[in-house]
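Accompanying notes for the structure given below.
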Amino acid sequence: MDIEEFRKAGYQAIDRICDYYASLQSRPVVSQVEPGYLVDALPQNPPEEAEDFGAIADDFQKLILPGITHWQHPSFFAYFPTAASFEGILGDLYSSSVSNPGFNWLSSPACTELEQVVMDWCARLIGLGDHFLNRAGVGGGVIQTTASEACIVVCVAARARYLRAHPDARLEDLVIYTTTQTHSLGVKAGLVLGLAVRALEVKAEDEYGLRGETLCAALADDSAKGKRPFVLIGTVGTTSSGAVDDLEEIGEVLKDHPSIWLHVDSAWAGVAMACPEFRAYGRLAAINRYAESYGTNFHKWGLVNFDASMLWVRNRMSLTDALDVTPEFLRTKQHDAGLVVDYRNWHLGLGRRFRSLKVWFVLRRYGVEGFRQHIREGVALNEHFAALVRASPHFELVTPPRLALSVFRVVLPASASPGDADAATNDLNRAFYAHVSGAGDKLFLTQTKLNDAFCVRFAVGAQRTRREHVDAAWAIIQASARAATEEWLKLHTSAAA
């Protein structure tokens with residue numbers, strides 16, 4: 001493909017992307033294909049001769065788009081959102097045009113220095129303290145692929161720091177602390193590093209957040225067993241319910257255990273701290289006071305296309321002491337003189353994408369106020385949904401709404417008299433969720449369990465979601481609940497007879 005062919009194909013690609021977004025609302029939210037559809041449709045071997053690019057582009061429309069679940073659909077309320085702004089798309093396009101591995105400053109100085117700048121911009125946007133800024137020269141921020149990878153990086157650094165302080169410690173005695181509501185990233189870190197993970201119990205009466213007394217009890221128990229917890233993964237905005245660990249209590253407990261690293265994962269909720277009114281929910285003061293590291297994903301609710309997982313550390317040496325490997329062919333005079341950051345020493349891989357460009361594009365185009373407006377609109381839409389749930393006698397909120405997330409379920413009908421109400425409620429809600437899932441062409445929700453309670457999540461965040469989409473989803477939810485309840489009553493009435 002020469003320059004003019006690329007120009008022509010590029011114009012067509014932009015036109016088709018625009019047509020895709022213009023038609024997005026009319027598309028099914030969840031892909032309607034069956035497993036194996038694409039494997040069966042494509043040849044087993046690559047083509048021997050070059051193919052016409054027009055045919056290749058047409059096959060994207062014909063073969064690939066039907067297999068896409070549309071995370072940017074205005075009726076996508078599952079998981080947490082995945083951003084895709086036009087500014088981010090263009091940022092990715094430009095960064096692809098200057099493809100380079102970005103492993104050190106010299107490989108492309110703009111890649112490193114723009115990342116330093118936008119990480120400081122993002123830190124200031126969400127209210128992080130100056131000790132997390134790259135400009136301060138002690139801590140700093142780096143873009144990772146995902147919060148899960150950021151967690152592994154943190155655990156590697158925390159383990160190295162702990163072993164330096166406790167050279168007598170055995171690896172088999174080290175323990176990663178999470179909670180029963182922590183994202184699976186904690187368990188994944190344990191699997192990757194071959195270390196034990198202990199999930200501390202959280203309770204409904206504490207709104208599923210970890211309390212200091214629970215941490216104290218676990219520390220005493222593990223000390224008696226000769227175990228050595230070295231990192232605690234706290235959460236602001238758990239996946240299941242948006243719960244928040246009590247970071248103030250946790251931080252005070254850890255004052256007596258300075259070798260334990262406190263990492264705060266706020267993959268979804270962190271960007272909401274751009275709005276000052278949400279910083280108390282996000283425990284910003286405690287994060288700035290106690291956390292060794294903090295992570296949030298701008299590629300979820302933060303208008304930046306996947307992937308853009310931001311990680312900040314209080315002391316960058318904790319990362320580089322654990323991850324710096326510098327063979328002779330990677331040495332540069334700038335690095336040896338201490339003049340530059342080489343981000344290859346801040347993450348697991350060597351090469352890295354030029355992710356900061358799309359972040360720069362988004363933040364400049366939206367500005368702080370535009371970014372805040374986006375967050376506030378999502379919260380307002382969730383408040384509207386929560387009001388609909390509260391007003392209905394057939395549903396209940398399982399936890400208080402958190403930012404743009406509500407967790408709810410269908411209540412047992414008054415005529416039901418099961419022996420085990422909790423088990424019956426779970427059965428009814430599994431049937432309800434099955435009905436809702438059958439409407440995947442119209443909306444997408446996901447399920448969860450809070451301790452033993454089966455619930456359904458409603459997460460707002462797609463850029464194009466408006467009040468009418470929430471209302472349309474509520475109509476489907478109500479119809480699904482009626483159908484599920486009728487079926488459940490028939491089944492249990494006949495069983496009782």
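Residue names in the structure tokens use chain letters A, B, ... in the order shown, residue numbers from 1 in each chain, and ligand numbers from 1 in the order shown.
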
- Task: Please provide the set of residues having any atom within 8 Å of segment 110-124 of chain A, restricted to only C-alpha atoms, with same-chain residues fewer than 2 positions apart removed, written as a ChimeraX atom specification.
- Result: /A:102,104-105,108,126-129,132-135,140-143,310,341-343,354-357,359-360

Kindly export the residues of the current selection with N, CA and C atoms, as a PDB file, in the first residue's frame.
ATOM      1  N   GLY A 102       9.359   2.176  22.653  1.00  0.00           N
ATOM      2  CA  GLY A 102       9.308   3.069  23.796  1.00  0.00           C
ATOM      3  C   GLY A 102       9.938   2.563  25.075  1.00  0.00           C
ATOM      4  N   ASN A 104      12.972   2.949  26.357  1.00  0.00           N
ATOM      5  CA  ASN A 104      13.755   3.922  27.116  1.00  0.00           C
ATOM      6  C   ASN A 104      13.580   5.313  26.499  1.00  0.00           C
ATOM      7  N   TRP A 105      14.112   6.295  27.166  1.00  0.00           N
ATOM      8  CA  TRP A 105      13.929   7.676  26.719  1.00  0.00           C
ATOM      9  C   TRP A 105      14.461   7.867  25.306  1.00  0.00           C
ATOM     10  N   SER A 108      12.451   7.073  21.864  1.00  0.00           N
ATOM     11  CA  SER A 108      11.596   8.174  21.388  1.00  0.00           C
ATOM     12  C   SER A 108      11.315   9.083  22.579  1.00  0.00           C
ATOM     13  N   ILE A 126      -7.353  14.123  39.706  1.00  0.00           N
ATOM     14  CA  ILE A 126      -8.104  13.348  40.701  1.00  0.00           C
ATOM     15  C   ILE A 126      -7.678  13.663  42.130  1.00  0.00           C
ATOM     16  N   GLY A 127      -6.766  14.604  42.306  1.00  0.00           N
ATOM     17  CA  GLY A 127      -6.455  15.088  43.642  1.00  0.00           C
ATOM     18  C   GLY A 127      -5.346  14.375  44.380  1.00  0.00           C
ATOM     19  N   LEU A 128      -4.526  13.594  43.689  1.00  0.00           N
ATOM     20  CA  LEU A 128      -3.425  12.926  44.374  1.00  0.00           C
ATOM     21  C   LEU A 128      -2.397  13.946  44.852  1.00  0.00           C
ATOM     22  N   GLY A 129      -1.704  13.599  45.948  1.00  0.00           N
ATOM     23  CA  GLY A 129      -0.726  14.500  46.536  1.00  0.00           C
ATOM     24  C   GLY A 129       0.515  14.660  45.680  1.00  0.00           C
ATOM     25  N   PHE A 132       3.097  11.911  44.676  1.00  0.00           N
ATOM     26  CA  PHE A 132       2.849  10.952  43.593  1.00  0.00           C
ATOM     27  C   PHE A 132       3.237  11.508  42.215  1.00  0.00           C
ATOM     28  N   LEU A 133       3.718  12.722  42.150  1.00  0.00           N
ATOM     29  CA  LEU A 133       4.004  13.361  40.859  1.00  0.00           C
ATOM     30  C   LEU A 133       5.379  12.971  40.337  1.00  0.00           C
ATOM     31  N   ASN A 134       5.465  12.789  39.026  1.00  0.00           N
ATOM     32  CA  ASN A 134       6.764  12.584  38.395  1.00  0.00           C
ATOM     33  C   ASN A 134       7.670  13.792  38.587  1.00  0.00           C
ATOM     34  N   ARG A 135       7.084  14.961  38.513  1.00  0.00           N
ATOM     35  CA  ARG A 135       7.868  16.189  38.604  1.00  0.00           C
ATOM     36  C   ARG A 135       8.601  16.298  39.938  1.00  0.00           C
ATOM     37  N   GLY A 140       5.938   8.928  41.458  1.00  0.00           N
ATOM     38  CA  GLY A 140       5.679   9.114  40.032  1.00  0.00           C
ATOM     39  C   GLY A 140       4.614   8.178  39.514  1.00  0.00           C
ATOM     40  N   GLY A 141       4.257   8.390  38.256  1.00  0.00           N
ATOM     41  CA  GLY A 141       3.197   7.609  37.639  1.00  0.00           C
ATOM     42  C   GLY A 141       3.637   6.996  36.332  1.00  0.00           C
ATOM     43  N   VAL A 142       3.006   5.862  35.996  1.00  0.00           N
ATOM     44  CA  VAL A 142       3.324   5.119  34.787  1.00  0.00           C
ATOM     45  C   VAL A 142       2.045   4.484  34.270  1.00  0.00           C
ATOM     46  N   ILE A 143       1.890   4.396  32.955  1.00  0.00           N
ATOM     47  CA  ILE A 143       0.715   3.771  32.363  1.00  0.00           C
ATOM     48  C   ILE A 143       0.987   2.275  32.188  1.00  0.00           C
ATOM     49  N   MET A 310      -3.648   3.597  34.937  1.00  0.00           N
ATOM     50  CA  MET A 310      -2.683   4.493  35.563  1.00  0.00           C
ATOM     51  C   MET A 310      -2.254   3.957  36.925  1.00  0.00           C
ATOM     52  N   VAL A 341      13.898   9.267  32.740  1.00  0.00           N
ATOM     53  CA  VAL A 341      13.166   8.083  33.181  1.00  0.00           C
ATOM     54  C   VAL A 341      13.178   7.059  32.048  1.00  0.00           C
ATOM     55  N   ASP A 342      13.477   5.822  32.382  1.00  0.00           N
ATOM     56  CA  ASP A 342      13.328   4.722  31.426  1.00  0.00           C
ATOM     57  C   ASP A 342      12.176   3.852  31.936  1.00  0.00           C
ATOM     58  N   TYR A 343      11.022   3.986  31.316  1.00  0.00           N
ATOM     59  CA  TYR A 343       9.821   3.335  31.843  1.00  0.00           C
ATOM     60  C   TYR A 343       9.861   1.812  31.742  1.00  0.00           C
ATOM     61  N   PHE A 354       2.704   3.663  22.915  1.00  0.00           N
ATOM     62  CA  PHE A 354       2.678   5.110  23.129  1.00  0.00           C
ATOM     63  C   PHE A 354       1.260   5.490  23.574  1.00  0.00           C
ATOM     64  N   ARG A 355       0.896   5.077  24.785  1.00  0.00           N
ATOM     65  CA  ARG A 355      -0.469   5.268  25.261  1.00  0.00           C
ATOM     66  C   ARG A 355      -0.768   6.706  25.679  1.00  0.00           C
ATOM     67  N   SER A 356       0.261   7.417  26.092  1.00  0.00           N
ATOM     68  CA  SER A 356       0.025   8.755  26.649  1.00  0.00           C
ATOM     69  C   SER A 356      -0.555   9.716  25.629  1.00  0.00           C
ATOM     70  N   LEU A 357      -0.360   9.446  24.331  1.00  0.00           N
ATOM     71  CA  LEU A 357      -0.842  10.376  23.315  1.00  0.00           C
ATOM     72  C   LEU A 357      -2.362  10.486  23.344  1.00  0.00           C
ATOM     73  N   VAL A 359      -4.318   9.859  25.850  1.00  0.00           N
ATOM     74  CA  VAL A 359      -4.704  10.527  27.099  1.00  0.00           C
ATOM     75  C   VAL A 359      -4.578  12.037  26.938  1.00  0.00           C
ATOM     76  N   TRP A 360      -3.507  12.462  26.345  1.00  0.00           N
ATOM     77  CA  TRP A 360      -3.249  13.890  26.073  1.00  0.00           C
ATOM     78  C   TRP A 360      -4.345  14.475  25.192  1.00  0.00           C
TER      79      TRP A 360
END

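Look at Ile89 of chain A: the protein and nucleic acid residues within 8 Å of it, using only C-alpha atoms and passing over chain neighbours fewer than 5 places away, are Ala84, Asn305 and Lys358 of chain A.
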
- Message: Just checking: using only C-alpha atoms, which residue out of A:Gly367, A:Gly251, A:Gly440, A:Pro101 ends up closest to Leu350 of chain A?
- Response: A:Pro101

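Our summary of the geometry notes that atom CA of Leu443 of chain A is positioned 22.7 Å from atom CA of Pro393 of chain A.
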
- Excluding same-chain residues fewer than 2 positions from Ala479 of chain A, what lies within 12 Å of it counting only C-alpha atoms, as JSON, numbers by chain? {"A": [394, 410, 432, 433, 435, 436, 438, 439, 472, 473, 474, 475, 476, 477, 481, 482, 483, 484, 485, 486]}

For those residues, write all heavy atoms to a file as a compact mmCIF listing (two decimals), in the first residue's frame.
# COMPACT_ATOMS: atom_id res chain seq x y z
N HIS A 394 -41.52 -4.41 43.89
CA HIS A 394 -41.06 -5.71 43.41
C HIS A 394 -39.54 -5.85 43.40
O HIS A 394 -39.02 -6.92 43.08
CB HIS A 394 -41.60 -5.97 42.00
CG HIS A 394 -43.08 -5.81 41.90
ND1 HIS A 394 -43.96 -6.62 42.60
CD2 HIS A 394 -43.85 -4.92 41.20
CE1 HIS A 394 -45.21 -6.24 42.33
NE2 HIS A 394 -45.17 -5.21 41.49
N VAL A 410 -34.81 -8.82 42.68
CA VAL A 410 -36.25 -8.97 42.79
C VAL A 410 -36.57 -9.49 44.19
O VAL A 410 -35.84 -10.34 44.72
CB VAL A 410 -36.77 -9.94 41.72
CG1 VAL A 410 -38.29 -10.09 41.81
CG2 VAL A 410 -36.36 -9.48 40.33
N PHE A 432 -34.74 -14.57 37.14
CA PHE A 432 -34.88 -13.21 36.64
C PHE A 432 -33.70 -12.85 35.74
O PHE A 432 -33.88 -12.33 34.63
CB PHE A 432 -34.99 -12.24 37.81
CG PHE A 432 -34.66 -10.81 37.47
CD1 PHE A 432 -35.42 -10.08 36.57
CD2 PHE A 432 -33.57 -10.18 38.07
CE1 PHE A 432 -35.11 -8.76 36.27
CE2 PHE A 432 -33.25 -8.87 37.77
CZ PHE A 432 -34.02 -8.16 36.86
N TYR A 433 -32.49 -13.16 36.21
CA TYR A 433 -31.32 -12.81 35.40
C TYR A 433 -31.30 -13.58 34.08
O TYR A 433 -30.88 -13.05 33.05
CB TYR A 433 -30.03 -13.07 36.19
CG TYR A 433 -28.80 -12.67 35.42
CD1 TYR A 433 -28.52 -11.34 35.14
CD2 TYR A 433 -27.94 -13.65 34.93
CE1 TYR A 433 -27.40 -10.98 34.41
CE2 TYR A 433 -26.81 -13.30 34.19
CZ TYR A 433 -26.55 -11.97 33.94
OH TYR A 433 -25.45 -11.61 33.20
N HIS A 435 -33.90 -14.37 32.35
CA HIS A 435 -34.82 -13.66 31.47
C HIS A 435 -34.18 -12.39 30.91
O HIS A 435 -34.29 -12.09 29.72
CB HIS A 435 -36.11 -13.32 32.21
CG HIS A 435 -37.13 -14.42 32.21
ND1 HIS A 435 -38.04 -14.59 31.19
CD2 HIS A 435 -37.35 -15.43 33.09
CE1 HIS A 435 -38.79 -15.64 31.44
NE2 HIS A 435 -38.40 -16.17 32.60
N VAL A 436 -33.53 -11.63 31.77
CA VAL A 436 -32.87 -10.40 31.32
C VAL A 436 -31.79 -10.71 30.30
O VAL A 436 -31.65 -10.01 29.28
CB VAL A 436 -32.28 -9.63 32.52
CG1 VAL A 436 -31.37 -8.50 32.05
CG2 VAL A 436 -33.39 -9.05 33.39
N GLY A 438 -31.75 -13.02 28.24
CA GLY A 438 -32.38 -13.36 26.96
C GLY A 438 -32.71 -12.16 26.12
O GLY A 438 -33.02 -12.30 24.93
N ALA A 439 -32.65 -10.97 26.72
CA ALA A 439 -32.90 -9.73 25.99
C ALA A 439 -31.59 -9.04 25.64
O ALA A 439 -31.52 -7.81 25.58
CB ALA A 439 -33.79 -8.81 26.80
N ALA A 472 -35.76 2.68 29.13
CA ALA A 472 -36.03 1.50 28.30
C ALA A 472 -35.51 0.23 28.98
O ALA A 472 -36.16 -0.82 28.96
CB ALA A 472 -35.40 1.67 26.93
N ALA A 473 -34.34 0.33 29.60
CA ALA A 473 -33.80 -0.82 30.32
C ALA A 473 -34.71 -1.20 31.49
O ALA A 473 -34.96 -2.39 31.73
CB ALA A 473 -32.39 -0.51 30.82
N TRP A 474 -35.21 -0.21 32.19
CA TRP A 474 -36.09 -0.47 33.34
C TRP A 474 -37.37 -1.19 32.90
O TRP A 474 -37.85 -2.10 33.59
CB TRP A 474 -36.41 0.84 34.04
CG TRP A 474 -37.36 0.72 35.19
CD1 TRP A 474 -38.58 1.32 35.32
CD2 TRP A 474 -37.17 -0.03 36.40
NE1 TRP A 474 -39.16 0.99 36.52
CE2 TRP A 474 -38.32 0.16 37.20
CE3 TRP A 474 -36.15 -0.85 36.87
CZ2 TRP A 474 -38.47 -0.43 38.45
CZ3 TRP A 474 -36.29 -1.44 38.12
CH2 TRP A 474 -37.44 -1.24 38.89
N ALA A 475 -37.89 -0.83 31.74
CA ALA A 475 -39.08 -1.51 31.23
C ALA A 475 -38.80 -2.98 30.98
O ALA A 475 -39.62 -3.86 31.32
CB ALA A 475 -39.57 -0.82 29.96
N ILE A 476 -37.64 -3.29 30.41
CA ILE A 476 -37.27 -4.68 30.16
C ILE A 476 -37.03 -5.41 31.48
O ILE A 476 -37.44 -6.58 31.65
CB ILE A 476 -36.01 -4.75 29.27
CG1 ILE A 476 -36.33 -4.16 27.89
CG2 ILE A 476 -35.51 -6.18 29.14
CD1 ILE A 476 -35.10 -3.95 27.03
N ILE A 477 -36.41 -4.75 32.42
CA ILE A 477 -36.15 -5.35 33.74
C ILE A 477 -37.47 -5.70 34.42
O ILE A 477 -37.63 -6.80 34.98
CB ILE A 477 -35.31 -4.38 34.59
CG1 ILE A 477 -33.87 -4.34 34.07
CG2 ILE A 477 -35.34 -4.77 36.07
CD1 ILE A 477 -33.03 -3.22 34.63
N ALA A 481 -38.78 -9.45 35.31
CA ALA A 481 -39.10 -9.81 36.69
C ALA A 481 -40.49 -10.41 36.79
O ALA A 481 -40.71 -11.40 37.52
CB ALA A 481 -38.98 -8.58 37.59
N ARG A 482 -41.46 -9.83 36.07
CA ARG A 482 -42.82 -10.38 36.10
C ARG A 482 -42.84 -11.81 35.57
O ARG A 482 -43.45 -12.72 36.17
CB ARG A 482 -43.76 -9.49 35.27
CG ARG A 482 -44.14 -8.19 35.96
CD ARG A 482 -45.30 -7.52 35.23
NE ARG A 482 -44.96 -7.13 33.87
CZ ARG A 482 -44.45 -5.95 33.54
NH1 ARG A 482 -44.22 -5.04 34.49
NH2 ARG A 482 -44.17 -5.67 32.29
N ALA A 483 -42.16 -12.02 34.43
CA ALA A 483 -42.15 -13.36 33.84
C ALA A 483 -41.46 -14.36 34.76
O ALA A 483 -41.94 -15.50 34.95
CB ALA A 483 -41.45 -13.31 32.48
N ALA A 484 -40.34 -13.96 35.34
CA ALA A 484 -39.61 -14.87 36.22
C ALA A 484 -40.41 -15.19 37.47
O ALA A 484 -40.43 -16.35 37.94
CB ALA A 484 -38.26 -14.26 36.59
N THR A 485 -41.08 -14.19 38.02
CA THR A 485 -41.86 -14.40 39.24
C THR A 485 -43.04 -15.33 38.98
O THR A 485 -43.34 -16.23 39.78
CB THR A 485 -42.35 -13.06 39.80
OG1 THR A 485 -41.22 -12.23 40.08
CG2 THR A 485 -43.16 -13.25 41.08
N GLU A 486 -43.72 -15.14 37.85
CA GLU A 486 -44.84 -16.02 37.51
C GLU A 486 -44.37 -17.46 37.36
O GLU A 486 -45.00 -18.40 37.87
CB GLU A 486 -45.50 -15.54 36.22
CG GLU A 486 -46.29 -14.24 36.38
CD GLU A 486 -46.77 -13.69 35.04
OE1 GLU A 486 -46.57 -14.39 34.01
OE2 GLU A 486 -47.33 -12.58 35.02

- Please provide the set of residues having any atom within 10 Å of Thr326 of chain A, restricted to only C-alpha atoms, with same-chain residues fewer than 6 positions apart removed, written as JSON, numbers by chain. {"A": [332, 344, 345]}

Dump of C-alpha atoms for the selected residues, as a compact mmCIF listing (two decimals), in the first residue's frame:
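Saved to result-v5.txt:
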# COMPACT_ATOMS: atom_id res chain seq x y z
CA THR A 332 22.36 5.15 27.37
CA ARG A 344 10.90 -0.21 30.96
CA ASN A 345 11.96 -0.42 34.63

- Message: So, with only C-alpha atoms as the atoms that count, which of A:Val253, A:Ala423, A:Ala453, A:Leu445 lies closest to Val470 of chain A?
- Response: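 Once distances to Val470 of chain A are computed over only C-alpha atoms, the minimum belongs to A:Leu445.
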
- Tell me which of A:Tyr162, A:Phe230, A:Phe385, A:Tyr281 sits closest to Ala322 of chain A, counting only C-alpha atoms.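 Among A:Tyr162, A:Phe230, A:Phe385, A:Tyr281, it is A:Tyr162 that comes nearest to Ala322 of chain A.
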
- Task: List every residue of segment 253-417 of chain A that DSSP, applied to the backbone of this structure, places in strand (DSSP E or B), and write the result as a list of chain:residue names.
- Result: A:Trp261, A:Leu262, A:His263, A:Val264, A:Asp265, A:Ser293, A:Tyr294, A:Gly295, A:Thr296, A:Asn297, A:Ser309, A:Met310, A:Leu311, A:Trp312, A:Val313, A:Phe395, A:Glu396, A:Leu397, A:Arg402, A:Leu405, A:Ser406, A:Val407, A:Phe408, A:Arg409, A:Val410

- Item | alpha helix (DSSP H) call set, DSSP backbone run, segment 313-370 of chain A, as JSON, numbers by chain | {"A": [316, 317, 318, 319, 320, 321, 322, 323, 333, 334, 335, 336, 356, 357, 358, 359, 360, 361, 362, 363, 364, 365, 366, 367, 368, 369, 370]}

Could you please take those selected residues and save C-alpha atoms as a PDB file, in the first residue's frame?
ATOM      1  CA  ARG A 316       9.725   5.137  42.275  1.00  0.00           C
ATOM      2  CA  MET A 317      12.849   3.402  43.586  1.00  0.00           C
ATOM      3  CA  SER A 318      10.592   0.681  44.944  1.00  0.00           C
ATOM      4  CA  LEU A 319       9.724  -0.188  41.339  1.00  0.00           C
ATOM      5  CA  THR A 320      13.115   0.238  39.753  1.00  0.00           C
ATOM      6  CA  ASP A 321      14.975  -1.615  42.516  1.00  0.00           C
ATOM      7  CA  ALA A 322      12.714  -4.611  41.830  1.00  0.00           C
ATOM      8  CA  LEU A 323      12.453  -4.406  38.036  1.00  0.00           C
ATOM      9  CA  LYS A 333      24.380   8.121  28.526  1.00  0.00           C
ATOM     10  CA  GLN A 334      21.163   9.942  29.498  1.00  0.00           C
ATOM     11  CA  HIS A 335      20.071   7.111  31.801  1.00  0.00           C
ATOM     12  CA  ASP A 336      23.551   6.606  33.255  1.00  0.00           C
ATOM     13  CA  SER A 356       0.025   8.755  26.649  1.00  0.00           C
ATOM     14  CA  LEU A 357      -0.842  10.376  23.315  1.00  0.00           C
ATOM     15  CA  LYS A 358      -4.516   9.408  23.467  1.00  0.00           C
ATOM     16  CA  VAL A 359      -4.704  10.527  27.099  1.00  0.00           C
ATOM     17  CA  TRP A 360      -3.249  13.890  26.073  1.00  0.00           C
ATOM     18  CA  PHE A 361      -5.760  14.223  23.249  1.00  0.00           C
ATOM     19  CA  VAL A 362      -8.712  13.417  25.531  1.00  0.00           C
ATOM     20  CA  LEU A 363      -7.727  15.687  28.410  1.00  0.00           C
ATOM     21  CA  ARG A 364      -7.012  18.633  26.121  1.00  0.00           C
ATOM     22  CA  ARG A 365     -10.231  18.226  24.145  1.00  0.00           C
ATOM     23  CA  TYR A 366     -12.543  17.762  27.158  1.00  0.00           C
ATOM     24  CA  GLY A 367     -10.749  19.869  29.705  1.00  0.00           C
ATOM     25  CA  VAL A 368     -11.238  19.336  33.423  1.00  0.00           C
ATOM     26  CA  GLU A 369     -14.797  20.662  33.373  1.00  0.00           C
ATOM     27  CA  GLY A 370     -15.837  18.508  30.408  1.00  0.00           C
TER      28      GLY A 370
END

List the spatial neighbours of segment 381-384 of chain A as a PDB file with C-alpha atoms, in the first residue's frame - criterion: any atom at most 7 Å away, only C-alpha atoms, same-chain residues fewer than 5 positions off excluded.
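Heads up, here's the output in out_32.pdb:
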ATOM      1  CA  ALA A 404     -22.780   5.068  38.649  1.00  0.00           C
ATOM      2  CA  LEU A 405     -23.419   1.540  39.988  1.00  0.00           C
ATOM      3  CA  SER A 406     -26.539   0.038  41.551  1.00  0.00           C
ATOM      4  CA  VAL A 460     -23.826   3.312  33.812  1.00  0.00           C
ATOM      5  CA  ARG A 467     -32.129   8.913  30.451  1.00  0.00           C
TER       6      ARG A 467
END

- To one decimal place, how far is atom CA of Glu149 of chain A from atom CA of Leu311 of chain A in Å?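 About the pair atom CA of Glu149 of chain A and atom CA of Leu311 of chain A: they are 10.0 Å apart.
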
- Query: Got a sec: who's within 9 Å of Ser148 of chain A, counting only C-alpha atoms, leaving out chain neighbours fewer than 3 positions off, as an NGL selection string?
  - Reply: :A and (145 or 151-153 or 183-186 or 188-189)

- Item | For segment 291-301 of chain A: contacts at 7 Å, only C-alpha atoms, fewer than 2 positions along chain excluded, given as a count of residues only | 31

- Task: For atom CA of Ala218 of chain A and atom CA of Ala285 of chain A, quote the distance in Å rounded to one decimal.
- Result: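 Going from atom CA of Ala218 of chain A over to atom CA of Ala285 of chain A, I get 24.9 Å.
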
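Using only C-alpha atoms, the shortest contact distance between His347 of chain A and any of A:Asn315, A:Phe371, A:Leu330, A:Thr146 is found at A:Thr146.
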